[in-house]
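Some notes on the structure that comes next.
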Amino acid sequence: MINDVITPEFDENGRPLRRIRSFVRRQGRLTKGQQLALDNYWPEMGVEFQQEPLDVAALFGREAPVVLEIGFGMGASLVTMAQNNPHQNFLGLEVHAPGVGACLASAKEAGVENLRVMCHDAVEVLQKMIPDNSLRMVQLFFPDPWHKARHNKRRIVQVPFAELVMRKLKLGGVFHMATDWEDYATHMLEIMNSVDGYKNLSEGNDYVPRPETRPLTKFEQRGQRLGHGVWDLMFERVK
């Protein structure tokens, strides 16, 4: 599971292709609890990467609206959302094993049954495994802002990514982003406004107030006390 986070890509001559990735694989050290969760709960809630489209209904054992979260960190807010919305199916993607282990442990402790997790690159999962027109919502909360100008190209929110997400959303589905970096918020807004087929759900055609569906994390609460801003963007697929 953990060794398959990065899938090599090759050209027609068998040479590895260089691809700009939006994350650094900071594996970190697993705590005993996180390792136990991976050992015990991955077979039940974990999803292995595959090259074929996923049968989402079979994965969850039911038909229900699907919410995909990219980069769930330690999984606290994702588990809370799944717990608060038992009528929906949640699929979380995270490339760092400690976060996956923590999420599995929290989900099991909370008795959450409508959550599955993957430890793999989100772009490859979207390209290979997620059927088109299948998601009710895609969530991207506090991605790495790559704040140095020379690193901006590594930001995950770029035109090709926004177009990829749109293909996976159902008509009327929503791409919900949040960041605590104002420069990245501006970047996200410019990218999303440039992609035909999305409608900005903000009345002012910019940012929306934090919806109650996105739990307030400890990290965000600390930022608020320090006077840091948070910007939420919600774009609906309309074409």
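Ordering of the structure tokens sets the chain letters (A, B, ...); residue numbers start at 1 within each chain; ligands are numbered from 1 in the order shown.
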(message) Give me, as a VMD selection string, all polymer residues having an atom no more than 12 Å from Asp206 in chain A, counting only C-alpha atoms and skipping those fewer than 2 positions away in the same chain.
(response) chain A and resid 185 to 193 199 to 204 208 to 209 231 to 235
(request) Find the residues near range 148-163 of chain A: any atom within 12 Å, counting only C-alpha atoms, skip ones fewer than 3 places away on the same chain, and give them as a VMD selection string. (result) chain A and resid 19 to 24 70 to 71 121 to 124 126 to 127 132 138 to 145 166 to 169 174 to 179 181 183 to 198 233 235 to 237 239
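The shell of residues at most 6 Å from Leu91 in chain A, with only C-alpha atoms counted and near chain neighbours (fewer than 3 positions) removed, consists of A:Leu68, A:Leu115, A:Arg116, A:Val117.
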Would you output that residue set with N, CA and C atoms, as an mmCIF file, in the first residue's frame?
data_model
loop_
_atom_site.group_PDB
_atom_site.id
_atom_site.type_symbol
_atom_site.label_atom_id
_atom_site.label_comp_id
_atom_site.auth_asym_id
_atom_site.auth_seq_id
_atom_site.Cartn_x
_atom_site.Cartn_y
_atom_site.Cartn_z
ATOM 1 N N LEU A 68 -15.405 13.272 -2.673
ATOM 2 C CA LEU A 68 -13.987 12.928 -2.742
ATOM 3 C C LEU A 68 -13.186 14.048 -2.102
ATOM 4 N N LEU A 115 -16.889 5.623 4.845
ATOM 5 C CA LEU A 115 -15.624 6.240 4.491
ATOM 6 C C LEU A 115 -14.631 5.193 3.993
ATOM 7 N N ARG A 116 -13.972 5.494 2.875
ATOM 8 C CA ARG A 116 -12.877 4.679 2.371
ATOM 9 C C ARG A 116 -11.693 5.606 2.102
ATOM 10 N N VAL A 117 -10.471 5.075 2.206
ATOM 11 C CA VAL A 117 -9.284 5.919 2.043
ATOM 12 C C VAL A 117 -8.297 5.275 1.073
#
Considering only C-alpha atoms, tabulate each residue of range 107-205 of chain A that lies at most 9 Å from range 45-65 of chain A along with its nearest interatomic pair and the corresponding distance in Å to one decimal; arrange the rows by chain and ascending residue number and present them as CSV.
residue,atom,partner,partner_atom,distance
A:Glu113,CA,A:Met45,CA,8.4
A:Asn114,CA,A:Phe60,CA,6.8
A:Leu115,CA,A:Met45,CA,6.9
A:Arg116,CA,A:Met45,CA,4.8
A:Val117,CA,A:Gly46,CA,5.0
A:Met118,CA,A:Val47,CA,5.2
A:Cys119,CA,A:Glu48,CA,7.8
A:His120,CA,A:Phe49,CA,6.9
A:Glu124,CA,A:Phe49,CA,8.9
A:Val125,CA,A:Phe49,CA,7.1
A:Gln127,CA,A:Pro53,CA,8.9
A:Lys128,CA,A:Gln51,CA,5.4
A:Met129,CA,A:Pro53,CA,4.0
A:Ile130,CA,A:Pro53,CA,5.7
A:Pro131,CA,A:Pro53,CA,5.8
A:Ser134,CA,A:Pro65,CA,8.4
A:Leu135,CA,A:Pro65,CA,6.9
A:Arg136,CA,A:Pro65,CA,5.7
A:Met137,CA,A:Pro65,CA,8.5
Expected file: the selected residues, all heavy atoms, as a short mmCIF file (atom, residue, chain, number, x, y, z; two decimals), in the first residue's frame:
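Just written: selection-v3.cif:
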data_model
loop_
_atom_site.label_atom_id
_atom_site.label_comp_id
_atom_site.auth_asym_id
_atom_site.auth_seq_id
_atom_site.Cartn_x
_atom_site.Cartn_y
_atom_site.Cartn_z
N GLU A 113 -18.84 4.16 8.87
CA GLU A 113 -18.85 3.06 7.90
C GLU A 113 -18.92 3.55 6.46
O GLU A 113 -18.80 2.74 5.53
CB GLU A 113 -20.02 2.12 8.19
CG GLU A 113 -19.94 1.45 9.57
CD GLU A 113 -21.10 0.50 9.83
OE1 GLU A 113 -22.05 0.49 9.01
OE2 GLU A 113 -21.05 -0.23 10.84
N ASN A 114 -19.13 4.84 6.26
CA ASN A 114 -19.31 5.39 4.91
C ASN A 114 -18.06 6.11 4.42
O ASN A 114 -18.12 7.08 3.67
CB ASN A 114 -20.51 6.34 4.88
CG ASN A 114 -20.37 7.49 5.86
OD1 ASN A 114 -19.78 7.33 6.93
ND2 ASN A 114 -20.94 8.64 5.53
N LEU A 115 -16.89 5.62 4.84
CA LEU A 115 -15.62 6.24 4.49
C LEU A 115 -14.63 5.19 3.99
O LEU A 115 -14.49 4.13 4.61
CB LEU A 115 -15.03 6.98 5.70
CG LEU A 115 -13.60 7.52 5.56
CD1 LEU A 115 -13.53 8.59 4.48
CD2 LEU A 115 -13.11 8.08 6.89
N ARG A 116 -13.97 5.49 2.88
CA ARG A 116 -12.88 4.68 2.37
C ARG A 116 -11.69 5.61 2.10
O ARG A 116 -11.87 6.79 1.80
CB ARG A 116 -13.27 3.96 1.07
CG ARG A 116 -14.49 3.06 1.20
CD ARG A 116 -14.24 1.84 2.06
NE ARG A 116 -15.42 0.97 2.09
CZ ARG A 116 -16.41 1.06 2.98
NH1 ARG A 116 -16.36 2.01 3.91
NH2 ARG A 116 -17.42 0.23 2.94
N VAL A 117 -10.47 5.07 2.21
CA VAL A 117 -9.28 5.92 2.04
C VAL A 117 -8.30 5.28 1.07
O VAL A 117 -8.26 4.05 0.92
CB VAL A 117 -8.59 6.19 3.39
CG1 VAL A 117 -9.52 6.92 4.34
CG2 VAL A 117 -8.09 4.89 4.03
N MET A 118 -7.51 6.14 0.44
CA MET A 118 -6.45 5.70 -0.45
C MET A 118 -5.16 6.42 -0.10
O MET A 118 -5.20 7.55 0.39
CB MET A 118 -6.80 5.98 -1.92
CG MET A 118 -7.94 5.17 -2.47
SD MET A 118 -8.07 5.35 -4.28
CE MET A 118 -6.52 4.59 -4.82
N CYS A 119 -4.03 5.78 -0.36
CA CYS A 119 -2.71 6.40 -0.17
C CYS A 119 -2.04 6.44 -1.54
O CYS A 119 -1.23 5.56 -1.88
CB CYS A 119 -1.90 5.59 0.84
SG CYS A 119 -0.37 6.41 1.36
N HIS A 120 -2.40 7.47 -2.31
CA HIS A 120 -1.88 7.55 -3.68
C HIS A 120 -2.05 8.97 -4.20
O HIS A 120 -2.84 9.75 -3.68
CB HIS A 120 -2.61 6.55 -4.58
CG HIS A 120 -1.86 6.23 -5.83
ND1 HIS A 120 -0.86 5.28 -5.88
CD2 HIS A 120 -1.92 6.75 -7.08
CE1 HIS A 120 -0.37 5.21 -7.10
NE2 HIS A 120 -0.99 6.11 -7.85
N GLU A 124 -3.47 10.83 -10.41
CA GLU A 124 -3.54 9.50 -11.02
C GLU A 124 -4.83 8.79 -10.65
O GLU A 124 -5.42 8.08 -11.47
CB GLU A 124 -2.33 8.68 -10.62
CG GLU A 124 -1.05 9.15 -11.28
CD GLU A 124 0.15 8.30 -10.95
OE1 GLU A 124 0.17 7.65 -9.89
OE2 GLU A 124 1.08 8.28 -11.77
N VAL A 125 -5.29 8.97 -9.42
CA VAL A 125 -6.55 8.35 -9.01
C VAL A 125 -7.70 8.92 -9.83
O VAL A 125 -8.56 8.18 -10.34
CB VAL A 125 -6.81 8.56 -7.50
CG1 VAL A 125 -8.21 8.09 -7.12
CG2 VAL A 125 -5.77 7.80 -6.67
N GLN A 127 -7.52 10.31 -12.79
CA GLN A 127 -7.38 9.92 -14.19
C GLN A 127 -7.76 8.47 -14.44
O GLN A 127 -8.43 8.16 -15.44
CB GLN A 127 -5.92 10.14 -14.64
CG GLN A 127 -5.53 11.60 -14.78
CD GLN A 127 -4.04 11.76 -15.06
OE1 GLN A 127 -3.23 10.88 -14.74
NE2 GLN A 127 -3.66 12.88 -15.65
N LYS A 128 -7.36 7.59 -13.56
CA LYS A 128 -7.48 6.15 -13.81
C LYS A 128 -8.69 5.50 -13.14
O LYS A 128 -9.28 4.57 -13.70
CB LYS A 128 -6.22 5.43 -13.32
CG LYS A 128 -4.92 5.93 -13.90
CD LYS A 128 -4.78 5.59 -15.37
CE LYS A 128 -3.38 5.96 -15.88
NZ LYS A 128 -3.20 5.65 -17.29
N MET A 129 -9.06 5.96 -11.95
CA MET A 129 -10.01 5.20 -11.14
C MET A 129 -11.40 5.82 -10.98
O MET A 129 -12.37 5.10 -10.74
CB MET A 129 -9.43 4.95 -9.74
CG MET A 129 -8.21 4.05 -9.74
SD MET A 129 -7.61 3.71 -8.05
CE MET A 129 -8.99 2.79 -7.36
N ILE A 130 -11.50 7.12 -11.08
CA ILE A 130 -12.78 7.78 -10.83
C ILE A 130 -13.56 7.92 -12.13
O ILE A 130 -13.11 8.60 -13.06
CB ILE A 130 -12.58 9.16 -10.17
CG1 ILE A 130 -11.76 9.03 -8.89
CG2 ILE A 130 -13.93 9.81 -9.88
CD1 ILE A 130 -12.37 8.14 -7.83
N PRO A 131 -14.72 7.31 -12.24
CA PRO A 131 -15.51 7.44 -13.48
C PRO A 131 -15.94 8.88 -13.71
O PRO A 131 -16.16 9.65 -12.76
CB PRO A 131 -16.73 6.53 -13.22
CG PRO A 131 -16.30 5.60 -12.11
CD PRO A 131 -15.35 6.40 -11.27
N SER A 134 -19.37 11.22 -11.87
CA SER A 134 -19.71 10.32 -10.76
C SER A 134 -19.71 10.96 -9.38
O SER A 134 -20.23 10.36 -8.44
CB SER A 134 -18.74 9.14 -10.75
OG SER A 134 -17.42 9.57 -10.45
N LEU A 135 -19.15 12.16 -9.24
CA LEU A 135 -18.96 12.74 -7.91
C LEU A 135 -19.94 13.89 -7.64
O LEU A 135 -20.20 14.71 -8.50
CB LEU A 135 -17.53 13.25 -7.75
CG LEU A 135 -16.41 12.23 -7.98
CD1 LEU A 135 -15.06 12.92 -7.91
CD2 LEU A 135 -16.50 11.10 -6.96
N ARG A 136 -20.43 13.94 -6.42
CA ARG A 136 -21.27 15.07 -6.02
C ARG A 136 -20.42 16.25 -5.61
O ARG A 136 -20.79 17.41 -5.82
CB ARG A 136 -22.18 14.68 -4.84
CG ARG A 136 -23.23 15.75 -4.49
CD ARG A 136 -23.86 15.53 -3.14
NE ARG A 136 -22.95 15.83 -2.05
CZ ARG A 136 -22.70 17.07 -1.60
NH1 ARG A 136 -23.25 18.12 -2.18
NH2 ARG A 136 -21.87 17.26 -0.59
N MET A 137 -19.26 15.97 -5.01
CA MET A 137 -18.38 17.05 -4.57
C MET A 137 -16.93 16.57 -4.55
O MET A 137 -16.66 15.41 -4.24
CB MET A 137 -18.78 17.56 -3.18
CG MET A 137 -17.91 18.69 -2.65
SD MET A 137 -18.54 19.44 -1.11
CE MET A 137 -19.88 20.44 -1.78
#
(message) If you run DSSP on the backbone here, which positions in range 2-139 of chain A get helix (DSSP H, G or I)? Please write them as a VMD selection string.
(response) chain A and resid 2 to 4 32 to 45 56 to 60 76 to 84 97 to 110 122 to 128
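Coordinates place CA of Asn84 in chain A at a distance of 11.6 Å from CA of Gly111 in chain A.
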(request) Apply DSSP to the backbone of this structure and, from range 16-98 of chain A, keep only the residues in strand (DSSP E); write these as number ranges by chain. (result) A: 66-70, 89-93
May I have the selected residues written with N, CA and C atoms, as a CSV table (one decimal), in the first residue's frame?
chain,number,residue,atom,x,y,z
A,66,VAL,N,-21.4,10.7,-3.8
A,66,VAL,CA,-20.0,10.5,-3.4
A,66,VAL,C,-19.2,11.8,-3.3
A,67,VAL,N,-18.6,12.0,-2.1
A,67,VAL,CA,-17.7,13.1,-1.9
A,67,VAL,C,-16.3,12.6,-1.9
A,68,LEU,N,-15.4,13.3,-2.7
A,68,LEU,CA,-14.0,12.9,-2.7
A,68,LEU,C,-13.2,14.0,-2.1
A,69,GLU,N,-12.4,13.7,-1.1
A,69,GLU,CA,-11.5,14.7,-0.5
A,69,GLU,C,-10.0,14.4,-0.8
A,70,ILE,N,-9.3,15.4,-1.3
A,70,ILE,CA,-7.9,15.3,-1.7
A,70,ILE,C,-7.1,15.9,-0.6
A,89,ASN,N,-21.4,8.9,0.7
A,89,ASN,CA,-20.2,8.1,0.7
A,89,ASN,C,-19.0,9.0,0.6
A,90,PHE,N,-17.9,8.8,1.4
A,90,PHE,CA,-16.8,9.6,1.4
A,90,PHE,C,-15.5,8.8,1.0
A,91,LEU,N,-14.8,9.3,0.0
A,91,LEU,CA,-13.5,8.7,-0.4
A,91,LEU,C,-12.4,9.7,-0.1
A,92,GLY,N,-11.4,9.4,0.7
A,92,GLY,CA,-10.3,10.3,1.0
A,92,GLY,C,-9.0,9.9,0.4
A,93,LEU,N,-8.3,10.8,-0.1
A,93,LEU,CA,-7.0,10.6,-0.7
A,93,LEU,C,-5.9,11.3,0.1
(message) So that I can see what lies close to Asn40 in chain A, please list as a ChimeraX atom specification the residues with an atom at most 10 Å from it, counting only C-alpha atoms and leaving out residues fewer than 6 positions away in the same chain.
(response) /A:34,101,104-105
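Closest approach to Gly173 in chain A among A:Glu212, A:Val238, A:Ala110, A:Asn205 is made by A:Val238 (distances from only C-alpha atoms).
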(message) Need to verify the contact set: Glu220 in chain A, 10 Å, only C-alpha atoms, exclusion of same-chain residues closer than 6 positions in sequence. Can you return it as number ranges by chain?
(response) A: 142, 179-180, 226, 228-230
